[in-house]
$ cat target-v8.txt   # compact mmCIF, C-alpha atoms
# COMPACT_ATOMS: atom_id res chain seq x y z
CA MET A 14 -24.23 50.55 13.39
CA LYS A 15 -26.03 47.20 13.96
CA GLY A 16 -26.60 46.86 10.19
CA ARG A 17 -22.90 47.31 9.42
CA LEU A 18 -21.94 44.83 12.13
CA LYS A 19 -24.37 42.22 10.75
CA THR A 20 -23.02 42.78 7.24
CA ALA A 21 -19.42 42.46 8.45
CA LEU A 22 -20.21 39.29 10.39
CA ALA A 23 -22.06 37.78 7.43
CA GLY A 24 -19.09 38.59 5.17
CA ALA A 25 -16.66 37.06 7.66
CA TYR A 26 -18.86 33.96 7.90
CA VAL A 27 -18.93 33.54 4.11
CA LEU A 28 -15.16 34.02 3.95
CA LEU A 29 -14.63 31.47 6.72
CA ILE A 30 -16.81 28.89 4.93
CA ALA A 31 -14.92 29.49 1.66
CA LEU A 32 -11.57 29.05 3.41
CA LEU A 33 -12.73 25.83 5.07
CA MET A 34 -13.93 24.46 1.74
CA LEU A 35 -10.62 25.29 0.08
CA SER A 36 -8.61 23.71 2.88
CA ASN A 37 -10.54 20.44 2.41
CA CYS A 38 -10.32 20.49 -1.37
CA ARG A 39 -8.46 17.39 -2.56
CA GLY A 40 -6.51 17.87 -5.77
CA CYS A 41 -6.86 21.67 -5.62
CA ASP A 42 -3.21 22.24 -4.78
CA ASN A 43 -1.59 23.48 -7.96
CA THR A 44 2.03 23.43 -6.86
CA PRO A 45 4.51 22.60 -9.64
CA GLU A 46 5.52 19.32 -7.96
CA GLN A 47 1.99 17.95 -8.16
CA ALA A 48 1.20 19.49 -11.52
CA GLU A 49 4.26 17.82 -13.05
CA THR A 50 3.54 14.36 -11.61
CA PRO A 51 2.64 12.14 -14.56
CA VAL A 52 -0.37 9.86 -14.49
CA ASP A 53 0.80 6.28 -13.92
CA ASN A 54 -0.67 4.07 -16.63
CA ARG A 55 1.54 1.08 -15.92
CA THR A 56 -0.02 -2.19 -14.84
CA ALA A 57 0.50 -3.56 -11.35
CA GLU A 58 2.83 -6.21 -12.80
CA GLU A 59 5.02 -3.54 -14.42
CA VAL A 60 5.15 -1.51 -11.22
CA ALA A 61 5.96 -4.60 -9.11
CA GLU A 62 8.87 -5.45 -11.42
CA GLN A 63 10.54 -2.19 -10.39
CA ILE A 64 10.03 -2.64 -6.63
CA GLY A 65 12.75 -4.25 -4.51
CA ASN A 66 14.78 -7.32 -5.35
CA ASP A 67 13.72 -10.23 -7.54
CA GLY A 68 13.93 -14.00 -7.29
CA ASP A 69 12.18 -17.24 -8.19
CA ILE A 70 9.42 -16.08 -5.82
CA LYS A 71 8.63 -12.38 -5.51
CA ILE A 72 5.54 -11.03 -3.74
CA THR A 73 4.80 -7.32 -3.97
CA LEU A 74 2.06 -5.34 -2.21
CA LEU A 75 0.95 -2.04 -3.84
CA TRP A 76 -1.38 0.70 -2.57
CA ASP A 77 -2.01 4.42 -3.08
CA PHE A 78 -3.82 5.58 0.06
CA PRO A 79 -2.31 6.88 3.34
CA GLY A 80 -1.98 4.21 5.99
CA ASP A 81 0.29 1.36 7.02
CA VAL A 82 -0.43 -1.86 5.17
CA ASP A 83 1.74 -4.92 5.84
CA LEU A 84 2.67 -7.90 3.70
CA HIS A 85 2.98 -11.22 5.57
CA VAL A 86 4.20 -14.49 4.04
CA THR A 87 4.35 -17.77 5.94
CA GLN A 88 7.05 -20.02 4.49
CA PRO A 89 7.17 -23.84 4.28
CA ASN A 90 9.23 -23.93 7.52
CA GLY A 91 6.40 -22.11 9.35
CA VAL A 92 8.36 -18.88 9.77
CA GLU A 93 6.37 -15.76 8.92
CA LEU A 94 8.16 -12.90 7.14
CA TRP A 95 6.83 -9.40 7.90
CA TYR A 96 8.08 -6.11 9.30
CA GLN A 97 8.97 -7.62 12.69
CA ASN A 98 10.79 -10.55 11.06
CA MET A 99 12.25 -9.19 7.85
CA ARG A 100 14.77 -11.92 6.99
CA ASP A 101 15.06 -15.69 7.31
CA ARG A 102 18.68 -16.71 6.73
CA ARG A 103 17.71 -20.41 6.49
CA THR A 104 15.37 -19.88 3.51
CA GLY A 105 16.85 -16.69 2.02
CA GLY A 106 13.48 -14.98 2.24
CA GLU A 107 13.60 -11.24 2.85
CA LEU A 108 11.25 -8.28 3.22
CA ASP A 109 13.41 -5.69 1.44
CA VAL A 110 10.82 -2.93 0.96
CA ASP A 111 8.71 -1.85 3.95
CA ASN A 112 6.52 1.24 3.62
CA ARG A 113 5.02 2.40 6.90
CA ARG A 114 3.28 5.64 5.90
CA GLY A 115 1.37 4.82 2.77
CA GLY A 116 0.30 7.28 0.10
CA ARG A 117 0.74 7.31 -3.65
CA GLY A 118 3.09 4.60 -4.91
CA SER A 119 3.39 2.68 -1.62
CA ALA A 120 4.83 -0.83 -1.73
CA GLU A 121 6.21 -3.73 0.24
CA ASN A 122 8.20 -6.59 -1.26
CA ILE A 123 9.29 -10.07 -0.13
CA TYR A 124 11.46 -12.29 -2.32
CA TRP A 125 13.49 -15.52 -2.43
CA ARG A 126 16.28 -16.12 -4.93
CA ASN A 127 16.35 -19.89 -4.28
CA PRO A 128 13.18 -20.63 -2.31
CA PRO A 129 12.64 -23.91 -0.50
CA GLU A 130 9.95 -26.14 -1.90
CA GLY A 131 6.67 -26.27 -0.06
CA ARG A 132 3.59 -24.26 0.89
CA TYR A 133 3.59 -20.44 1.08
CA THR A 134 0.70 -18.41 2.50
CA VAL A 135 0.32 -14.73 1.56
CA ASP A 136 -1.67 -12.33 3.77
CA VAL A 137 -2.10 -8.56 3.90
CA VAL A 138 -2.84 -6.67 7.10
CA MET A 139 -4.27 -3.17 7.52
CA TYR A 140 -1.86 -2.35 10.34
CA SER A 141 -3.06 1.21 10.91
CA LEU A 142 -5.47 3.59 9.24
CA ASN A 143 -4.70 7.23 8.50
CA ASP A 144 -7.12 10.12 9.10
CA ALA A 145 -6.82 11.00 5.40
CA ALA A 146 -8.13 7.51 4.49
CA PRO A 147 -10.25 6.38 7.46
CA GLN A 148 -11.95 3.69 5.35
CA GLY A 149 -8.69 2.17 4.08
CA GLY A 150 -8.72 1.37 0.39
CA PRO A 151 -7.82 -1.07 -2.38
CA VAL A 152 -4.50 -2.89 -2.55
CA LYS A 153 -2.95 -5.11 -5.19
CA VAL A 154 -0.76 -8.11 -4.48
CA VAL A 155 1.45 -9.29 -7.33
CA ILE A 156 2.79 -12.82 -6.92
CA LYS A 157 5.58 -13.99 -9.21
CA GLU A 158 6.34 -17.68 -8.94
CA ASN A 159 9.08 -18.69 -11.39
CA ASP A 160 7.85 -17.02 -14.58
CA ARG A 161 4.13 -17.01 -13.74
CA VAL A 162 2.72 -13.69 -12.48
CA GLN A 163 -0.73 -13.21 -10.95
CA THR A 164 -2.33 -10.08 -9.46
CA TYR A 165 -4.93 -10.12 -6.70
CA ASP A 166 -7.18 -7.20 -5.71
CA VAL A 167 -8.01 -6.81 -2.02
CA ARG A 168 -10.06 -4.16 -0.21
CA LEU A 169 -8.89 -3.19 3.28
CA SER A 170 -11.34 -1.17 5.33
CA TYR A 171 -10.51 -1.32 9.06
CA GLY A 172 -7.47 -1.38 11.33
CA GLY A 173 -6.20 -4.85 12.17
CA GLN A 174 -7.98 -6.45 9.22
CA ARG A 175 -6.07 -9.50 7.92
CA VAL A 176 -6.92 -10.97 4.53
CA ASN A 177 -5.56 -14.24 3.16
CA VAL A 178 -4.65 -13.51 -0.45
CA LYS A 179 -3.39 -16.90 -1.59
CA SER A 180 -1.68 -20.10 -0.53
CA PHE A 181 0.41 -21.96 -3.07
CA THR A 182 2.87 -24.83 -3.23
CA TYR A 183 6.22 -24.02 -4.79
CA SER A 184 8.25 -26.60 -6.66
CA SER A 185 11.52 -25.82 -8.43
CA ARG A 186 10.75 -28.37 -11.15
$ encode --input "target-v8.txt" --output "structure tokens"
Amino acid sequence: MKGRLKTALAGAYVLLIALLMLSNCRGCDNTPEQAETPVDNRTAEEVAEQIGNDGDIKITLLWDFPGDVDLHVTQPNGVELWYQNMRDRRTGGELDVDNRRGGRGSAENIYWRNPPEGRYTVDVVMYSLNDAAPQGGPVKVVIKENDRVQTYDVRLSYGGQRVNVKSFTYSSR
């Protein structure tokens, strides 16, 4: 009787370990929705073109990990655009895409159709981490100024982290 009980417990233990391993397996889910998702080979610039509205200045934040990342831009008038101040009617600046959950294909976008001349400062903030990505991850910031496009890689790794990506002076000439 004791031998059968030990064997049954050992079998249950092995089964439990196998189930735990499968539940933590990333990429093991073979549902049709995930299996049919194409691999995205587009560049950050191509992806940013498709996000939100466009203007003479367009700044797009891209990331693929769970968590809330925020785009902040301080304008020449000193007003900062971000999720708590999404539009400045005086400058025409607007945060028109605001992703708060993160995950594959996440983005935020701020643009100006006719931006005022002066200095702009671009920052990204790791607003909150997600248990699925407790170390944060890489983000890309695509800055389009007139017809010039530049991409910046930033690594965010802790909640509340703020990184200055770039400051630039815009001139319509």
$ residues_around --input "target-v8.txt" --residues "segment 58-74 of chain A" --least-positions-apart "4" --cutoff "9 Å" --atoms "only C-alpha atoms" --output "mmCIF file with C-alpha atoms, in the frame of the given file"
data_model
loop_
_atom_site.group_PDB
_atom_site.id
_atom_site.type_symbol
_atom_site.label_atom_id
_atom_site.label_comp_id
_atom_site.auth_asym_id
_atom_site.auth_seq_id
_atom_site.Cartn_x
_atom_site.Cartn_y
_atom_site.Cartn_z
ATOM 1 C CA VAL A 82 -0.430 -1.860 5.170
ATOM 2 C CA ASP A 83 1.740 -4.920 5.840
ATOM 3 C CA LEU A 84 2.670 -7.900 3.700
ATOM 4 C CA VAL A 86 4.200 -14.490 4.040
ATOM 5 C CA LEU A 108 11.250 -8.280 3.220
ATOM 6 C CA ASP A 109 13.410 -5.690 1.440
ATOM 7 C CA VAL A 110 10.820 -2.930 0.960
ATOM 8 C CA SER A 119 3.390 2.680 -1.620
ATOM 9 C CA ALA A 120 4.830 -0.830 -1.730
ATOM 10 C CA GLU A 121 6.210 -3.730 0.240
ATOM 11 C CA ASN A 122 8.200 -6.590 -1.260
ATOM 12 C CA ILE A 123 9.290 -10.070 -0.130
ATOM 13 C CA TYR A 124 11.460 -12.290 -2.320
ATOM 14 C CA TRP A 125 13.490 -15.520 -2.430
ATOM 15 C CA ARG A 126 16.280 -16.120 -4.930
ATOM 16 C CA ASN A 127 16.350 -19.890 -4.280
ATOM 17 C CA PRO A 128 13.180 -20.630 -2.310
ATOM 18 C CA VAL A 135 0.320 -14.730 1.560
ATOM 19 C CA VAL A 137 -2.100 -8.560 3.900
ATOM 20 C CA VAL A 152 -4.500 -2.890 -2.550
ATOM 21 C CA LYS A 153 -2.950 -5.110 -5.190
ATOM 22 C CA VAL A 154 -0.760 -8.110 -4.480
ATOM 23 C CA VAL A 155 1.450 -9.290 -7.330
ATOM 24 C CA ILE A 156 2.790 -12.820 -6.920
ATOM 25 C CA LYS A 157 5.580 -13.990 -9.210
ATOM 26 C CA GLU A 158 6.340 -17.680 -8.940
ATOM 27 C CA ASN A 159 9.080 -18.690 -11.390
ATOM 28 C CA ASP A 160 7.850 -17.020 -14.580
ATOM 29 C CA VAL A 162 2.720 -13.690 -12.480
ATOM 30 C CA GLN A 163 -0.730 -13.210 -10.950
ATOM 31 C CA THR A 164 -2.330 -10.080 -9.460
ATOM 32 C CA TYR A 183 6.220 -24.020 -4.790
ATOM 33 C CA SER A 185 11.520 -25.820 -8.430
#
$ atom_distance --input "target-v8.txt" --atom1 "atom CA of Asp111 of chain A" --atom2 "atom CA of Leu142 of chain A"
16.1 Å
$ closest_residue --input "target-v8.txt" --among "A:Thr182, A:Arg102, A:Gly131, A:Asp77" --to "Pro89 of chain A" --atoms "only C-alpha atoms"
A:Gly131
$ residues_around --input "target-v8.txt" --residues "Glu93 of chain A" --least-positions-apart "6" --cutoff "10 Å" --atoms "all atoms listed in the file" --output "MDAnalysis selection string"
chainID A and resid 85:87 99:101 106 133:135
$ closest_residue --input "target-v8.txt" --among "A:Arg186, A:Lys179, A:Asn143, A:Asp136" --to "Leu94 of chain A" --atoms "all atoms listed in the file"
A:Asp136
$ closest_residue --input "target-v8.txt" --among "A:Pro151, A:Asn112, A:Pro129, A:Val138" --to "Val176 of chain A" --atoms "only C-alpha atoms"
A:Val138
$ atom_distance --input "target-v8.txt" --atom1 "atom CA of Thr56 of chain A" --atom2 "atom CA of Asn98 of chain A"
29.3 Å
$ atom_distance --input "target-v8.txt" --atom1 "atom CA of Gly172 of chain A" --atom2 "atom CA of Gly118 of chain A"
20.3 Å
